[in-house]
Structure formats: structure tokens, C-alpha cells
>>> print(open('my_file-v5.cif').read())   # mmCIF, C-alpha atoms
data_coords
#
loop_
_atom_site.label_atom_id
_atom_site.label_comp_id
_atom_site.auth_asym_id
_atom_site.auth_seq_id
_atom_site.Cartn_x
_atom_site.Cartn_y
_atom_site.Cartn_z
CA MET W 116 84.73 103.72 89.20
CA SER W 117 82.72 106.09 91.38
CA CYS W 118 82.77 106.32 95.17
CA GLU W 119 79.23 104.92 95.26
CA ARG W 120 80.35 101.77 93.52
CA THR W 121 83.63 101.58 95.38
CA LEU W 122 82.43 101.86 98.96
CA PRO W 123 80.39 98.61 99.04
CA LEU W 124 83.37 96.73 97.65
CA LEU W 125 85.88 98.05 100.14
CA PRO W 126 85.16 95.41 102.83
CA LEU W 127 85.72 92.64 100.33
CA VAL W 128 89.01 94.21 99.27
CA ALA W 129 90.04 94.52 102.91
CA LEU W 130 89.20 90.84 103.37
CA ASP W 131 90.98 89.79 100.17
CA SER W 132 87.67 88.41 98.96
CA ALA W 133 86.89 90.67 96.02
CA ASP W 134 86.99 89.37 92.48
CA ALA W 135 90.20 90.29 90.66
CA ALA W 136 88.55 92.81 88.36
CA ASP W 137 86.71 94.51 91.22
CA ARG W 138 89.87 94.62 93.29
CA THR W 139 91.84 96.28 90.53
CA ALA W 140 89.12 98.84 89.89
CA VAL W 141 88.74 99.61 93.59
CA LEU W 142 92.46 100.06 94.15
CA ASP W 143 92.69 102.31 91.10
CA HIS W 144 89.92 104.45 92.53
CA VAL W 145 91.35 104.46 96.05
CA ALA W 146 94.70 105.68 94.74
CA GLY W 147 93.05 108.95 93.77
CA CYS W 148 90.31 109.29 96.40
CA ALA W 149 91.24 110.29 99.94
CA ARG W 150 87.78 109.50 101.33
CA CYS W 151 87.71 105.95 100.03
CA ALA W 152 91.35 105.45 100.98
CA GLU W 153 90.54 106.43 104.57
CA ALA W 154 87.53 104.09 104.59
CA LEU W 155 89.71 101.25 103.34
CA ARG W 156 92.30 101.94 106.03
CA GLU W 157 89.62 101.77 108.71
CA LEU W 158 88.34 98.47 107.39
CA GLU W 159 91.86 97.06 107.24
CA ALA W 160 92.45 98.24 110.81
CA ALA W 161 89.24 96.51 111.91
CA ARG W 162 90.37 93.32 110.24
CA ALA W 163 93.79 93.59 111.84
CA SER W 164 92.24 94.01 115.28
CA LEU W 165 90.52 90.64 114.88
CA ALA W 166 93.91 89.09 115.51
CA SER W 167 93.51 89.97 119.18
CA PHE W 168 90.76 87.37 119.46
CA THR W 169 93.13 84.70 120.68
CA VAL W 170 91.94 81.34 121.94
CA GLU W 171 93.25 79.91 125.16
CA GLU W 172 95.00 76.57 125.17
CA ALA W 173 92.91 73.58 126.14
CA PRO W 174 93.72 69.95 126.81
CA ALA W 175 93.86 68.03 123.55
CA THR W 176 90.98 65.82 122.57
CA ASP W 177 91.45 62.19 123.50
CA ALA W 178 90.77 60.51 120.16
CA ALA W 179 90.63 57.07 121.73
CA MET W 180 87.89 58.28 124.05
CA ILE W 181 86.01 59.70 121.08
CA ARG W 182 86.16 56.36 119.31
CA ALA W 183 85.11 54.54 122.46
CA GLY W 184 82.31 57.02 123.03
CA ALA W 185 81.04 56.54 119.50
CA GLU W 186 80.89 52.83 120.00
CA GLY W 187 79.55 53.10 123.52
CA ASP W 188 80.67 51.30 126.60
CA ALA W 189 78.19 48.57 125.87
CA PRO W 190 78.28 46.41 122.75
CA PRO W 191 76.87 48.25 119.71
CA VAL W 192 73.86 45.99 119.68
CA ALA W 193 72.44 44.89 122.95
CA PRO W 194 72.30 41.14 123.33
CA ARG W 195 69.06 39.55 122.38
CA LEU W 196 67.15 38.58 125.43
CA ALA W 197 66.73 34.88 125.85
CA ALA W 198 63.38 35.31 127.50
CA PRO W 199 62.09 38.85 127.09
CA PRO W 200 59.38 39.99 129.41
CA ARG W 201 56.01 39.37 127.87
CA ARG W 202 55.08 43.00 127.64
CA PHE W 203 52.53 42.28 124.92
CA SER W 204 51.42 38.90 126.15
CA GLY W 205 47.90 40.12 126.90
CA PHE W 206 47.78 41.73 123.50
CA ALA W 207 48.86 38.51 121.79
CA LYS W 208 46.37 36.48 123.69
CA ALA W 209 43.58 38.84 122.80
CA ALA W 210 44.46 38.76 119.10
CA ALA W 211 44.75 34.98 119.07
CA ALA W 212 41.50 34.60 120.95
CA LEU W 213 39.81 36.82 118.41
CA LEU W 214 40.95 34.63 115.55
CA VAL W 215 40.14 31.37 117.25
CA GLY W 216 36.80 32.72 118.42
CA ALA W 217 35.91 33.74 114.89
CA ALA W 218 36.67 30.26 113.62
CA ALA W 219 34.76 28.66 116.44
CA LEU W 220 31.71 30.66 115.57
CA GLY W 221 31.90 29.24 112.10
CA ILE W 222 32.39 32.44 110.29
CA ALA W 223 33.14 31.50 106.74
CA PHE W 224 35.42 34.31 105.83
CA LEU W 225 36.77 33.98 102.35
CA HIS W 226 38.45 37.36 102.61
CA GLY W 227 39.28 39.38 105.62
CA GLU W 228 41.87 41.22 107.60
CA LEU W 229 42.61 42.00 111.17
CA THR W 230 44.30 45.18 112.29
CA VAL W 231 45.34 45.62 115.88
CA GLU W 232 47.01 48.75 117.19
CA ARG W 233 48.83 49.27 120.38
CA GLY W 234 50.88 52.33 121.07
CA GLY W 235 52.87 53.08 117.95
CA ALA W 236 52.72 49.50 116.67
CA THR W 237 50.22 48.31 114.12
CA LEU W 238 49.82 44.66 113.26
CA ARG W 239 47.81 43.82 110.18
CA ILE W 240 47.00 40.29 109.11
CA ALA W 241 45.11 39.75 105.90
CA TRP W 242 43.88 36.56 104.38
CA ARG W 243 41.82 35.44 101.46
CA ALA W 244 40.16 32.31 100.12
CA PRO W 245 42.59 30.13 101.86
CA ALA W 246 43.92 26.75 101.16
CA PRO W 247 45.97 24.64 103.48
CA ALA W 248 49.28 26.31 103.78
CA GLN W 249 51.81 24.67 101.52
CA ASP W 250 54.77 26.98 101.98
CA GLY W 251 54.53 29.03 105.08
CA LEU W 252 51.31 31.01 105.14
CA ALA W 253 50.97 31.80 101.47
CA PRO W 254 47.53 30.61 100.40
CA ALA W 255 46.92 29.44 96.90
CA PRO W 256 45.37 32.40 95.07
CA ASP W 257 42.62 30.44 93.43
CA ALA W 258 41.71 28.25 96.31
CA ALA W 259 38.07 28.28 97.09
CA ALA W 260 38.02 26.30 100.25
CA SER W 261 37.14 27.89 103.53
CA VAL W 262 39.62 28.60 106.24
CA THR W 263 40.88 25.42 107.73
CA PRO W 264 41.72 25.01 111.37
CA GLU W 265 45.31 24.24 110.35
CA TYR W 266 45.58 27.49 108.46
CA LEU W 267 44.09 29.37 111.36
CA ALA W 268 46.52 27.73 113.76
CA ALA W 269 49.40 28.65 111.50
CA ALA W 270 48.13 32.23 111.34
CA VAL W 271 48.00 32.38 115.10
CA ASP W 272 51.54 31.03 115.28
CA GLU W 273 52.65 33.64 112.80
CA LEU W 274 50.93 36.33 114.81
CA ALA W 275 52.63 35.17 117.96
CA ARG W 276 56.00 35.15 116.21
CA HIS W 277 55.48 38.72 114.97
CA LEU W 278 54.58 39.82 118.44
CA SER W 279 57.59 38.09 119.90
CA ASP W 280 59.86 39.84 117.39
CA LEU W 281 58.20 43.12 118.21
CA GLU W 282 58.75 42.61 121.90
CA THR W 283 62.35 41.65 121.39
CA ARG W 284 63.00 44.69 119.21
CA HIS W 285 61.26 46.91 121.71
CA GLU W 286 63.37 45.61 124.55
CA ARG W 287 66.55 45.98 122.54
CA GLU W 288 65.71 49.57 121.60
CA LEU W 289 64.88 50.30 125.22
CA LEU W 290 68.27 48.99 126.29
CA LEU W 291 70.04 51.07 123.67
CA LEU W 292 68.07 54.13 124.66
CA ALA W 293 68.85 53.63 128.33
CA ASP W 294 72.50 53.17 127.48
CA ALA W 295 72.53 56.35 125.40
CA VAL W 296 70.86 58.32 128.18
CA ASP W 297 73.36 56.94 130.67
CA ARG W 298 76.32 57.90 128.49
CA GLN W 299 74.92 61.38 127.93
CA GLN W 300 74.44 61.81 131.66
CA ARG W 301 78.00 60.74 132.36
CA SER W 302 79.23 63.07 129.65
CA ARG W 303 77.29 65.93 131.22
CA ASP W 304 78.68 65.05 134.63
CA ARG W 305 82.21 65.12 133.27
CA GLY W 306 81.48 68.46 131.61
CA VAL W 307 80.17 69.96 134.84
CA GLU W 308 83.18 68.70 136.75
CA ARG W 309 85.56 70.08 134.14
CA ARG W 310 83.83 73.43 134.20
CA PHE W 311 83.93 73.51 137.95
CA HIS W 312 87.69 73.00 138.03
CA SER W 313 88.15 75.47 135.22
CA LEU W 314 86.05 78.03 137.07
CA GLU W 315 88.21 77.61 140.14
CA GLN W 316 91.34 78.01 138.06
CA GLN W 317 89.95 81.10 136.35
CA THR W 318 89.01 82.62 139.66
CA ARG W 319 92.53 82.05 140.96
CA ASP W 320 93.98 83.50 137.77
CA GLY W 321 91.64 86.44 138.03
CA PHE W 322 92.74 87.24 141.56
CA LEU W 323 96.40 86.87 140.69
CA PHE W 324 96.00 89.07 137.66
CA THR W 325 94.11 91.70 139.63
CA ASN W 326 96.85 91.71 142.24
CA GLU W 327 99.46 92.20 139.55
CA VAL W 328 97.59 95.17 138.15
CA LEU W 329 97.17 96.63 141.63
CA ASP W 330 100.88 96.17 142.29
CA HIS W 331 101.58 97.97 139.07
CA VAL W 332 99.29 100.85 140.00
CA VAL W 333 100.81 101.08 143.47
CA ASP W 334 104.30 101.14 141.95
CA ARG W 335 103.26 103.98 139.69
CA LEU W 336 101.79 105.88 142.61
CA GLU W 337 104.90 105.40 144.68
CA GLN W 338 107.15 106.42 141.81
CA PRO W 339 105.26 109.28 140.12
CA ASP W 340 108.36 110.51 138.31
CA ALA W 341 109.06 107.20 136.63
CA PRO W 342 108.71 107.36 132.85
CA ALA W 343 105.34 106.22 131.57
CA SER W 344 106.91 103.50 129.48
CA ALA W 345 108.74 101.92 132.41
CA ALA W 346 108.33 98.19 132.34
CA PRO W 347 105.84 97.04 134.95
CA LYS W 348 106.84 94.59 137.57
CA ASN W 349 106.30 91.18 136.16
CA HIS W 350 105.70 88.38 138.63
CA MET V 1176 95.03 78.72 110.49
CA ARG V 1177 94.17 76.31 107.70
CA ILE V 1178 93.85 72.57 107.80
CA ASP V 1179 96.47 70.91 105.65
CA LEU V 1180 94.39 69.53 102.78
CA ALA V 1181 96.72 66.79 101.57
CA ARG V 1182 97.67 65.49 105.01
CA SER V 1183 94.18 65.61 106.46
CA THR V 1184 92.73 63.93 103.38
CA ALA V 1185 95.27 61.11 103.53
CA LEU V 1186 94.58 60.57 107.21
CA ALA V 1187 90.83 60.73 106.71
CA LEU V 1188 90.99 58.16 103.93
CA ALA V 1189 92.95 55.81 106.15
CA ALA V 1190 90.60 56.43 109.06
CA ARG V 1191 87.60 55.81 106.85
CA GLY V 1192 89.11 52.45 106.05
CA GLY V 1193 89.12 51.60 109.75
CA ASP V 1194 92.60 52.76 110.72
CA ALA V 1195 92.08 54.00 114.28
CA ALA V 1196 95.65 55.31 114.53
CA ALA V 1197 95.04 57.48 111.47
CA PHE V 1198 91.95 58.91 113.11
CA ASP V 1199 93.93 59.64 116.27
CA GLU V 1200 96.53 61.46 114.20
CA LEU V 1201 93.80 63.32 112.34
CA VAL V 1202 92.41 64.53 115.66
CA ARG V 1203 95.87 65.63 116.79
CA THR V 1204 96.37 67.49 113.51
CA CYS V 1205 93.05 69.31 113.37
CA ASP V 1206 92.05 69.53 117.03
CA ARG V 1207 93.27 73.07 117.58
CA VAL V 1208 91.55 74.34 114.44
CA VAL V 1209 88.27 72.77 115.53
CA LEU V 1210 88.52 74.36 118.98
CA GLU V 1211 89.36 77.78 117.61
CA LEU V 1212 86.51 77.72 115.13
CA ALA V 1213 84.04 76.62 117.80
CA GLU V 1214 85.18 79.25 120.30
CA ARG V 1215 85.04 82.06 117.77
CA LEU V 1216 81.55 81.08 116.71
CA LEU V 1217 80.20 80.44 120.20
CA LEU V 1218 82.33 83.04 122.03
CA ASP V 1219 82.62 80.73 125.00
CA HIS V 1220 85.64 78.61 125.76
CA HIS V 1221 83.86 75.87 127.69
CA GLU V 1222 81.03 75.54 125.22
CA ALA V 1223 83.65 75.36 122.50
CA GLU V 1224 85.42 72.52 124.28
CA ASP V 1225 82.16 70.60 124.51
CA VAL V 1226 81.32 71.25 120.88
CA ARG V 1227 84.80 70.16 119.85
CA GLN V 1228 84.24 66.78 121.48
CA LEU V 1229 80.82 66.49 119.90
CA ALA V 1230 82.16 67.44 116.48
CA TRP V 1231 84.84 64.76 116.63
CA LEU V 1232 82.27 62.23 117.73
CA LYS V 1233 80.08 63.13 114.76
CA ALA V 1234 83.05 63.08 112.43
CA TRP V 1235 84.09 59.61 113.56
CA ARG V 1236 80.57 58.31 113.12
CA ALA V 1237 80.05 59.98 109.75
CA LEU V 1238 83.50 59.24 108.34
CA PRO V 1239 82.35 56.09 106.50
CA ARG V 1240 79.89 58.27 104.59
CA TRP V 1241 82.44 60.95 103.72
CA ASP V 1242 82.79 61.22 99.94
CA ALA V 1243 86.50 61.49 99.26
CA ARG V 1244 85.80 63.64 96.19
CA ALA V 1245 84.76 66.38 98.61
CA SER V 1246 87.38 68.33 100.51
CA PHE V 1247 87.92 66.85 103.96
CA PRO V 1248 88.62 70.21 105.65
CA THR V 1249 85.39 71.61 104.21
CA TRP V 1250 83.52 68.54 105.43
CA LEU V 1251 85.01 68.89 108.91
CA TYR V 1252 84.36 72.64 109.06
CA ARG V 1253 80.74 71.94 108.12
CA ILE V 1254 80.38 69.49 110.99
CA VAL V 1255 81.79 72.04 113.43
CA VAL V 1256 79.63 74.87 112.12
CA ASN V 1257 76.51 72.71 112.34
CA ALA V 1258 77.42 71.59 115.85
CA CYS V 1259 77.87 75.24 116.83
CA ARG V 1260 74.51 76.14 115.31
CA ASP V 1261 72.86 73.35 117.29
CA ARG V 1262 74.60 74.44 120.47
CA GLY V 1263 73.72 78.05 119.78
CA ARG V 1264 70.05 77.16 119.55
CA THR V 1265 70.30 75.29 122.85
CA LEU V 1266 72.08 78.19 124.52
CA ARG V 1267 69.45 80.65 123.36
CA ARG V 1268 66.83 78.52 125.11
CA ALA V 1269 68.87 78.08 128.27
CA PRO V 1270 69.78 80.74 130.82
CA PRO V 1271 73.17 82.30 130.11
CA THR V 1272 76.04 80.56 131.84
CA ARG V 1273 78.88 82.19 129.99
CA SER V 1274 81.84 83.06 132.15
CA LEU V 1275 81.72 86.75 131.29
CA PRO V 1276 83.29 87.95 134.54
CA PHE V 1277 86.51 86.39 133.34
CA ALA V 1278 86.39 87.72 129.82
CA LEU V 1279 88.89 90.38 130.73
CA VAL V 1280 91.38 87.90 132.10
CA PRO V 1281 93.75 87.23 129.23
CA PRO V 1282 95.24 83.83 128.53
CA ALA V 1283 98.37 82.93 130.49
CA SER V 1284 100.51 83.39 127.37
CA GLU V 1285 99.34 86.99 127.06
CA ARG V 1286 99.91 87.70 130.73
CA ALA V 1287 103.60 87.10 130.15
CA ALA V 1288 103.71 90.58 128.59
CA GLY V 1289 103.15 92.05 132.03
CA PRO V 1290 100.05 93.56 133.58
CA ALA V 1291 99.89 96.70 131.44
CA GLY V 1292 100.41 94.91 128.14
CA ALA V 1293 98.13 92.10 129.12
CA LEU V 1294 95.42 94.50 130.17
CA GLU V 1295 95.69 96.35 126.89
CA HIS V 1296 95.39 93.11 125.00
CA ALA V 1297 92.48 92.02 127.15
CA GLU V 1298 90.65 95.28 126.52
CA LEU V 1299 91.09 95.02 122.78
CA ARG V 1300 90.12 91.38 122.81
CA ALA V 1301 86.98 92.14 124.81
CA ARG V 1302 86.00 94.85 122.32
CA VAL V 1303 86.59 92.52 119.39
CA VAL V 1304 84.60 89.74 121.05
CA ALA V 1305 81.74 92.15 121.77
CA ALA V 1306 81.82 93.33 118.17
CA ILE V 1307 81.77 89.79 116.82
CA GLU V 1308 79.00 88.88 119.22
CA SER V 1309 76.87 91.65 117.78
CA LEU V 1310 77.03 90.11 114.31
CA PRO V 1311 74.19 87.95 113.00
CA ALA V 1312 75.13 84.28 112.92
CA ASP V 1313 75.62 84.06 109.15
CA GLU V 1314 77.93 87.06 109.12
CA ARG V 1315 79.89 85.76 112.10
CA GLU V 1316 80.39 82.40 110.41
CA ALA V 1317 81.53 84.04 107.20
CA VAL V 1318 84.01 86.45 108.73
CA VAL V 1319 85.46 83.90 111.15
CA LEU V 1320 85.99 81.34 108.39
CA ARG V 1321 87.50 84.00 106.15
CA HIS V 1322 89.80 85.79 108.56
CA PHE V 1323 90.84 83.13 111.03
CA HIS V 1324 90.69 80.04 108.84
CA GLU V 1325 91.62 81.66 105.55
CA LEU V 1326 88.82 80.07 103.54
CA ASN V 1327 87.85 81.83 100.35
CA ALA V 1328 84.25 82.74 99.54
CA SER V 1329 83.63 79.54 97.55
CA GLU V 1330 84.94 77.34 100.35
CA ILE V 1331 82.87 79.24 102.90
CA ALA V 1332 79.83 78.78 100.67
CA ASP V 1333 80.43 75.02 100.74
CA VAL V 1334 80.78 75.00 104.50
CA VAL V 1335 77.76 77.11 105.39
CA GLY V 1336 75.55 75.86 102.58
CA ARG V 1337 74.82 79.20 100.99
CA PRO V 1338 75.57 80.65 97.55
CA ARG V 1339 78.94 82.30 97.05
CA THR V 1340 77.37 85.67 96.29
CA THR V 1341 75.44 85.50 99.56
CA VAL V 1342 78.66 84.74 101.40
CA GLN V 1343 80.34 87.73 99.80
CA SER V 1344 77.48 89.95 100.89
CA CYS V 1345 77.77 88.56 104.41
CA LEU V 1346 81.50 89.22 104.45
CA ALA V 1347 81.08 92.81 103.29
CA ARG V 1348 78.36 93.54 105.83
CA ALA V 1349 80.27 91.80 108.61
CA LEU V 1350 83.47 93.77 108.22
CA SER V 1351 81.55 97.04 107.87
CA ARG V 1352 79.68 96.31 111.08
CA LEU V 1353 82.85 95.27 112.88
CA SER V 1354 84.63 98.41 111.81
CA PHE V 1355 81.73 100.56 112.96
CA ARG V 1356 81.43 98.76 116.29
CA LEU V 1357 85.13 98.93 117.02
CA ARG V 1358 85.25 102.62 116.22
CA SER V 1359 82.10 103.44 118.18
CA HIS V 1360 83.33 101.76 121.37
CA ALA V 1361 85.30 104.30 123.30
CA GLU V 1362 88.60 102.86 124.37
CA PRO V 1363 88.59 102.29 128.13
CA GLN V 1364 90.79 104.84 129.83
CA ALA V 1365 90.44 103.75 133.41
CA LEU V 1366 94.00 102.63 133.99
CA ARG V 1367 95.54 105.00 131.50
CA ALA V 1368 94.24 108.28 132.82
CA PRO V 1369 96.62 110.17 135.06
CA VAL V 1370 96.10 109.19 138.64
CA ALA V 1371 94.86 112.10 140.74
CA ARG V 1372 97.24 112.66 143.62
CA THR V 1373 95.83 113.78 146.89
CA SER V 1374 99.09 114.61 148.61
#
>>> encode(input="my_file-v5.cif", output="C-alpha cells")
Amino acid sequence: MSCERTLPLLPLVALDSADAADRTAVLDHVAGCARCAEALRELEAARASLASFTVEEAPATDAAMIRAGAEGDAPPVAPRLAAPPRRFSGFAKAAAALLVGAAALGIAFLHGELTVERGGATLRIAWRAPAPAQDGLAPAPDAAASVTPEYLAAAVDELARHLSDLETRHERELLLLADAVDRQQRSRDRGVERRFHSLEQQTRDGFLFTNEVLDHVVDRLEQPDAPASAAPKNH
Amino acid sequence: MRIDLARSTALALAARGGDAAAFDELVRTCDRVVLELAERLLLDHHEAEDVRQLAWLKAWRALPRWDARASFPTWLYRIVVNACRDRGRTLRRAPPTRSLPFALVPPASERAAGPAGALEHAELRARVVAAIESLPADEREAVVLRHFHELNASEIADVVGRPRTTVQSCLARALSRLSFRLRSHAEPQALRAPVARTS
């Protein structure tokens, strides 16, 4: 193997990440090539120096708090409101009035649909040659009769029920969102407080450490004949 | 430092089944590894502590979806790496708050070696941190997972979501860059040079 092919593989050999065949070939080459051997030694030294990247101890994670945090302080699903605020009441009234008004005007609509949008919500009601509702609102497909007041009333009821569900879901999502924001804020507050105390501790440690170094330097100045390897004063 | 595959998998299986005590033990077992990985990717102790909490939160929530045919350590490493990527993006947008003035203060355990030894360690550590910081994110992830967590190239590929050959290229480039950076940084001599005496 030539130096040109060996050099790119040296880092992988130093990291014990080369394929077996490559590793063997590289080591064979290195055994007889001073330049590549020196390059490999430098890479191995660089890898060895990584060991100095130590990580300071930290308080262990509180697993129970993690589990509690995942589930939230509040119940996972906010309780359904018994009487949610009628955020869309005007909207419901307008839609119902539209339907009733259309019937009152005697519009004989065999087919039709109504689409109402508000914010991100879209409500679409479609109907066709209706018959008196037998099961729920499903009209008989082949019915040829016009829309009956009963069917229209049922449609309005259905519309109101959809809107009520929408309101309830909206309120529930709002509660969950508010709860999530609140928990995030508290988490941030705790983080800031922890960092503040840690900063204070680090500052104290920094001053103490600086003093130790200064003491060491002063000792060396006061004892210039002391051997260089003399153990420093350790507080 | 590697996560014990058999033990962590057994605990994760129990925790997935709803055993809260198993999850607590899993956290105790792997907590240090998660912190070390986060700190070496983010190069900030406090950010790493935050990310560690977040990673455990995500792990607890996602545990029911963990496929036991996949390695649990790899799955957990992936959560941590992704959390670090997310945090890294946030940090790049935010003003720097890293506690750099204290980077030269070694951990208490290192200070036990005395001021001179501790300072030497701190200097080397600072140079290594600066060298790692200079690496692109993909190379940093690869070399940290390889050297500190002893993952092989295939395992790293699973964690970072890249092909094995790409990971090997990253590893090769990363160590070359690190070697160059560490050699090119002149070793600080401030406290080692002979002190000029005025008397």
C-alpha cells in the first residue's frame, strides 16, 4: 500500500474504526514507513488527549419528576366544561338563521350545501333530495320530496351540535395549551434559578482556585531554589 | 462509557410495560451517559443538564413506541443527539450565554491534584474543547460517539441517521482536524515560564 492510500486511512486506524483488511494493510505499511508512522502517532496522541475532556458531576435526574412532568400537573385531558362559553354562539345563530331563512323563503332546494368558515374551522353541510329523516339525518337517496321543515329543524340541531362540539374541543385545547405554557414557564424559571446558583458556585470556585494558584506562585517566588517538581501547597 | 445493552433493554421493556420503578432505574443507569453525551455535543454544562432532562422526558413519552427489536441504547442516543441538535439550533439564534469565563476552572475532582496539576489539566481540556468546538456538527457527533461512547461506525450511523461510509468519512476528517488544531495551538506558557526576578 502506498503512502497516498495509507494517509487517509490513518485516522480510522487511530480510532479503531477501519475495516479489518484496511487496518492490516495500513499497519503493514506503517511498519516500514517513518512518515506514516509519525502521522499515526500524532493522530493517536490527538485521540488520547480527548480523554482530558472530562464532564463535571451534576445532580442526578429525578426520574419521578420526569414522569410527573410528562403527565403534567393537571390531568392528561382537561375536564369537559359543563357549560362552555358560547364563543361561536353568534356564528351558530347566523348559520341557523340562514337555513331557516332559506326555508321560509320557499326555496325548493333539491340539492345544496352550506359552507361556513371561521378562523381555521370549516363547517360544511350538504343535503340532497331529502326525505323525512328516518335514522338521524341520512336522507333516502331516491327521495324526491322537497325539504321538510322537520328535516330542516333536524339539520339545524345537527349544526348546533357540531358547533357545540367544536367549542368544547376548542376550550379543551386552550386549557391544555395554557397548561403546557405554564409548565414550560415554570421549567424555565427553575432552570434560571439553577443556573444562578451554579454561577455563584462557579464564581466562588473560580476565586478559590485563583487564590490557590497565586499562593503557589508566591511560594515559588519566595523559595526560588526549590526544585521545579516540588509539590504545590494543596489547600 | 457504553450503556449496558442487556440491562438497559430489560429495564426499558419493563418500563414500556408501565413499570415506573424500572424507568427510574433506567434513568439511574443511563443518566450519566446522557449528560456526558449532551455536554460533549453542546460544550456547555448547563445546556447539557437541560437537554438531559428534556431527553428523558422525550424518552418516557416515546417509550411505548420503542420497537424492542431495535437497540435501546441506540434509540436513547438518537433522542439525545436530536435534542442536542434542536438545542444547538436554538442557541445559534440566541445570544451566547455560555459560561466561558469559567472554562478554565477544572472540576473539583481535578483540583485535588493541586493547583499546578489542575491548571495543566484545565489548559489541555480547554484546548480540546476548543478543537472539538471547531468541528462541524456531523463530525463532532461522530467522534464523540466513537471515542467517548465507544460506538462503532454502524452504531453511529444508526444514531445519526447517515450511511456508515459517511460516518467513516466524518470520523477520519474529525480526527485529522482535531490533530491539526491541537498541534497548531501553542501550549500556554504563562505559568511555566521562569519568573523574572527583580531583586
>>> atom_distance(input="my_file-v5.cif", atom1="CA of His1324 (chain V)", atom2="CA of Met1176 (chain V)")
4.8 Å
>>> resolve_selection(input="my_file-v5.cif", expression="the PyMOL selection byres ((chain V and resi 1197) around 12)", output="count of residues only")
26
>>> interface_residues(input="my_file-v5.cif", of="chain W", to="chain V", cutoff="6 Å", atoms="all atoms listed in the file", output="ChimeraX atom specification")
/W:126-127,158,161,167-168,171,178,181,328,349
>>> resolve_selection(input="my_file-v5.cif", expression="the PyMOL selection byres ((chain W and resi 135-150) around 9)", output="mmCIF file with C-alpha atoms, keeping the file's coordinate frame")
data_model
loop_
_atom_site.group_PDB
_atom_site.id
_atom_site.type_symbol
_atom_site.label_atom_id
_atom_site.label_comp_id
_atom_site.auth_asym_id
_atom_site.auth_seq_id
_atom_site.Cartn_x
_atom_site.Cartn_y
_atom_site.Cartn_z
ATOM 1 C CA MET W 116 84.730 103.720 89.200
ATOM 2 C CA SER W 117 82.720 106.090 91.380
ATOM 3 C CA CYS W 118 82.770 106.320 95.170
ATOM 4 C CA ARG W 120 80.350 101.770 93.520
ATOM 5 C CA THR W 121 83.630 101.580 95.380
ATOM 6 C CA LEU W 122 82.430 101.860 98.960
ATOM 7 C CA LEU W 124 83.370 96.730 97.650
ATOM 8 C CA LEU W 125 85.880 98.050 100.140
ATOM 9 C CA LEU W 127 85.720 92.640 100.330
ATOM 10 C CA VAL W 128 89.010 94.210 99.270
ATOM 11 C CA ASP W 131 90.980 89.790 100.170
ATOM 12 C CA SER W 132 87.670 88.410 98.960
ATOM 13 C CA ALA W 133 86.890 90.670 96.020
ATOM 14 C CA ASP W 134 86.990 89.370 92.480
ATOM 15 C CA CYS W 151 87.710 105.950 100.030
ATOM 16 C CA ALA W 152 91.350 105.450 100.980
ATOM 17 C CA GLU W 153 90.540 106.430 104.570
ATOM 18 C CA ALA W 154 87.530 104.090 104.590
ATOM 19 C CA LEU W 155 89.710 101.250 103.340
#
>>> atom_distance(input="my_file-v5.cif", atom1="CA of Leu291 (chain W)", atom2="CA of Leu278 (chain W)")
19.8 Å
>>> closest_residue(input="my_file-v5.cif", among="V:Ala1223, V:Val1342, V:Leu1216, V:Cys1259", to="Arg1315 (chain V)", atoms="all atoms listed in the file")
V:Leu1216
>>> atom_distance(input="my_file-v5.cif", atom1="CA of Pro174 (chain W)", atom2="CA of Arg298 (chain W)")
21.2 Å
>>> residues_around(input="my_file-v5.cif", residues="Ser1246 (chain V)", least_positions_apart="2", cutoff="10 Å", atoms="all atoms listed in the file", output="CSV table (one decimal) with C-alpha atoms, in the frame of the given file")
chain,number,residue,atom,x,y,z
V,1180,LEU,CA,94.4,69.5,102.8
V,1181,ALA,CA,96.7,66.8,101.6
V,1183,SER,CA,94.2,65.6,106.5
V,1184,THR,CA,92.7,63.9,103.4
V,1241,TRP,CA,82.4,61.0,103.7
V,1242,ASP,CA,82.8,61.2,99.9
V,1243,ALA,CA,86.5,61.5,99.3
V,1244,ARG,CA,85.8,63.6,96.2
V,1248,PRO,CA,88.6,70.2,105.6
V,1249,THR,CA,85.4,71.6,104.2
V,1250,TRP,CA,83.5,68.5,105.4
V,1251,LEU,CA,85.0,68.9,108.9
V,1330,GLU,CA,84.9,77.3,100.4
V,1333,ASP,CA,80.4,75.0,100.7
